[in-house]
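Undergrad: Can you read through this structure? Questions will come right after.
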Amino acid sequence: PVNPFYESSAGFDDPALLTQRALVRRPDLQALLESYNQAEQQLRLEVARQWPALSIGSAVQVTLAIFSDFNKPAIQTATRQRDQLGLQVEAAVHQLRADVHDAVATLYLARRQVEYFESEIEPRLTESLSLVDEAFQARQITAGEILIAQSQVLDARERLLESRIAHARALAVVTWVTGDKT
């Protein structure tokens with residue numbers, strides 16, 4: 001039987017899909033992509049300004065690009081700015097991929113640990129407690145031995161609780177890294 005507690009992490013298995021979702025959902029990445037798009041538009045504008053322009057208003061005005069060296073300095077500046085933002089976008093995407101892969105791997109390990117505790121350790125704890133109870137009923141065990149057995153059971157259940165907390169934290173990290181709201 002599948003524990004409903006872990007069904008919430010079922011959609012977080014594919015790092016490539018999560019990276020694509022993060023690119024759409026995370027506002028910091030969206031702002032960086034928008035800055036790049038603005039730099040691209042600025043470069044297009046500067047390239048368009050290298051040609052002669054005709055303005056018609058109260059007077060007809062012709063602007064010749066020959067006097068501004070065909071707008072080469074502005075084009076070079078816009079190109080450098082676009083290229084710099086392109087490198088920042090590329091670095092951000094690589095960092096995002098690394099973060100998503102780390103978060104998914106941590107979530108996978110935490111889920112496996114909880115599943116192991118629930119499938120292997122928890123049934124044995126229940127069996128151990130029932131055997132201690134039977135031994136006590138038959139007067140084959142002392143009170144000290146009962147306390148030791150109960151202490152061991154409590155320690156194992158504490159480790160199970162810690163693994164569930166680690167799983168919840170790992171799920172929260174994946175949710176944060178991907179920009180998921182659910």
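Ordered as shown in the structure tokens, chains take letters A, B, and onward, while each chain numbers its residues from 1 and ligands are numbered from 1 in the order shown.
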Write down as an mmCIF file with N, CA and C atoms, in the first residue's frame the residues belonging to chain A that are assigned strand (DSSP E or B) by DSSP computed on the backbone.
TA:
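The resulting file, part_6.cif, is shown below:
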data_model
loop_
_atom_site.group_PDB
_atom_site.id
_atom_site.type_symbol
_atom_site.label_atom_id
_atom_site.label_comp_id
_atom_site.auth_asym_id
_atom_site.auth_seq_id
_atom_site.Cartn_x
_atom_site.Cartn_y
_atom_site.Cartn_z
ATOM 1 N N ALA A 53 17.547 57.811 -41.682
ATOM 2 C CA ALA A 53 16.172 57.874 -41.189
ATOM 3 C C ALA A 53 15.482 59.096 -41.762
ATOM 4 N N LEU A 54 14.219 58.955 -42.039
ATOM 5 C CA LEU A 54 13.407 60.040 -42.571
ATOM 6 C C LEU A 54 12.317 60.344 -41.563
ATOM 7 N N SER A 55 12.238 61.601 -41.123
ATOM 8 C CA SER A 55 11.215 62.014 -40.173
ATOM 9 C C SER A 55 10.336 63.055 -40.832
ATOM 10 N N ILE A 56 9.042 62.867 -40.694
ATOM 11 C CA ILE A 56 8.105 63.833 -41.260
ATOM 12 C C ILE A 56 7.278 64.378 -40.113
ATOM 13 N N VAL A 60 10.374 68.147 -42.906
ATOM 14 C CA VAL A 60 10.944 66.870 -43.327
ATOM 15 C C VAL A 60 12.403 66.873 -42.896
ATOM 16 N N GLN A 61 12.798 65.806 -42.204
ATOM 17 C CA GLN A 61 14.172 65.728 -41.710
ATOM 18 C C GLN A 61 14.769 64.390 -42.123
ATOM 19 N N VAL A 62 15.950 64.440 -42.670
ATOM 20 C CA VAL A 62 16.672 63.226 -43.048
ATOM 21 C C VAL A 62 17.915 63.164 -42.171
ATOM 22 N N THR A 63 18.060 62.051 -41.448
ATOM 23 C CA THR A 63 19.230 61.853 -40.603
ATOM 24 C C THR A 63 20.129 60.846 -41.298
#
Undergrad: Considering only C-alpha atoms, state which residue in the set A:Leu17, A:Ile75, A:Val153, A:Ala98 is at the smallest distance from Pro123 of chain A.
TA: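 With only C-alpha atoms as the atom set, the closest residue is A:Val153.
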Undergrad: Please measure the separation of atom CA of Gly179 of chain A and atom CA of Ala22 of chain A, giving the value in Å to one decimal.
TA: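 Those two atoms sit 5.5 Å apart.
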Undergrad: Just the residues within 9 Å of Asp83 of chain A, please, counting only C-alpha atoms, with nothing from its chain fewer than 4 positions along; format it as a PDB file with C-alpha atoms, in the first residue's frame.
TA:
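Contents of part28.pdb, as written:
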ATOM      1  CA  TYR A  36      18.020  39.425 -21.919  1.00  0.00           C
ATOM      2  CA  ALA A  39      18.905  43.736 -24.430  1.00  0.00           C
ATOM      3  CA  ALA A  78      24.310  46.799 -27.121  1.00  0.00           C
ATOM      4  CA  THR A  79      25.982  43.598 -28.369  1.00  0.00           C
ATOM      5  CA  LEU A  87      26.130  34.398 -20.202  1.00  0.00           C
ATOM      6  CA  GLN A  88      24.234  35.217 -17.009  1.00  0.00           C
TER       7      GLN A  88
END
Undergrad: Grab the atom CA of Asn37 of chain A to atom CA of Gly86 of chain A distance for me, in Å with one decimal place.
TA: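 Interatomic distance here is 9.5 Å.
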Undergrad: Between atom CA of Tyr116 of chain A and atom CA of Arg164 of chain A, what distance in Å does the model show, to one decimal?
TA: 11.3 Å
Undergrad: Of the candidates A:Ala143, A:Glu127, A:Val47, A:Glu118, which one gets nearest to Leu161 of chain A if we count only C-alpha atoms?
TA: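 Closest residue, counting only C-alpha atoms: A:Glu118.
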Undergrad: So that each row is one residue of segment 73-182 of chain A with an atom at most 7 Å from segment 11-15 of chain A, can you give its shortest atom pair and the distance in Å to one decimal, using only C-alpha atoms, rows by chain and rising number, as a tab-separated table?
TA:
residue	atom	partner	partner_atom	distance
A:Val100	CA	A:Pro15	CA	6.0
A:His101	CA	A:Pro15	CA	5.8
A:Val104	CA	A:Asp13	CA	6.6
Undergrad: Dump N, CA, C and O atoms for the selected residues as a PDB file, in the first residue's frame?
TA:
ATOM      1  N   VAL A 100      18.292  21.494  -9.022  1.00  0.00           N
ATOM      2  CA  VAL A 100      17.168  20.565  -9.187  1.00  0.00           C
ATOM      3  C   VAL A 100      17.645  19.122  -9.035  1.00  0.00           C
ATOM      4  O   VAL A 100      17.016  18.324  -8.333  1.00  0.00           O
ATOM      5  N   HIS A 101      18.767  18.792  -9.664  1.00  0.00           N
ATOM      6  CA  HIS A 101      19.275  17.412  -9.546  1.00  0.00           C
ATOM      7  C   HIS A 101      19.624  17.075  -8.098  1.00  0.00           C
ATOM      8  O   HIS A 101      19.298  15.975  -7.622  1.00  0.00           O
ATOM      9  N   VAL A 104      16.304  16.671  -6.127  1.00  0.00           N
ATOM     10  CA  VAL A 104      15.592  15.438  -6.483  1.00  0.00           C
ATOM     11  C   VAL A 104      16.317  14.216  -5.904  1.00  0.00           C
ATOM     12  O   VAL A 104      15.675  13.295  -5.396  1.00  0.00           O
TER      13      VAL A 104
END
Undergrad: Would you please work out which residue, of A:Glu40, A:Glu34, A:Asp102, A:Asp28, is nearest to Val174 of chain A when using only C-alpha atoms?
TA: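 The answer is A:Asp102, which sits nearest to Val174 of chain A.
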Undergrad: Can you pull out the residues contacting Ala156 of chain A? Cut-off 12 Å, using only C-alpha atoms, and skip same-chain residues under 2 positions away; I want them as a list in words.
TA: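 Near neighbours after the sequence-gap exclusion: Val114, Phe117, Glu118, Glu120, Ile121, Glu122, Pro123, Arg124, Leu125, Thr126, Ser128, Ala149, Gln150, Ser151, Gln152, Val153, Leu154, Glu158, Arg159, Leu160, Leu161, Glu162 and Ser163 of chain A.
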Undergrad: So which one's closest to Ala168 of chain A, A:Arg111, A:Lys72, A:Arg21, A:Arg97? Using only C-alpha atoms, please.
TA: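 Using only C-alpha atoms, Ala168 of chain A sits closest to A:Arg111.
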Undergrad: Closest to Leu107 of chain A among A:Leu45, A:Ala166, A:Val177, A:Leu29, using only C-alpha atoms?
TA: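 The answer is A:Ala166, which sits nearest to Leu107 of chain A.
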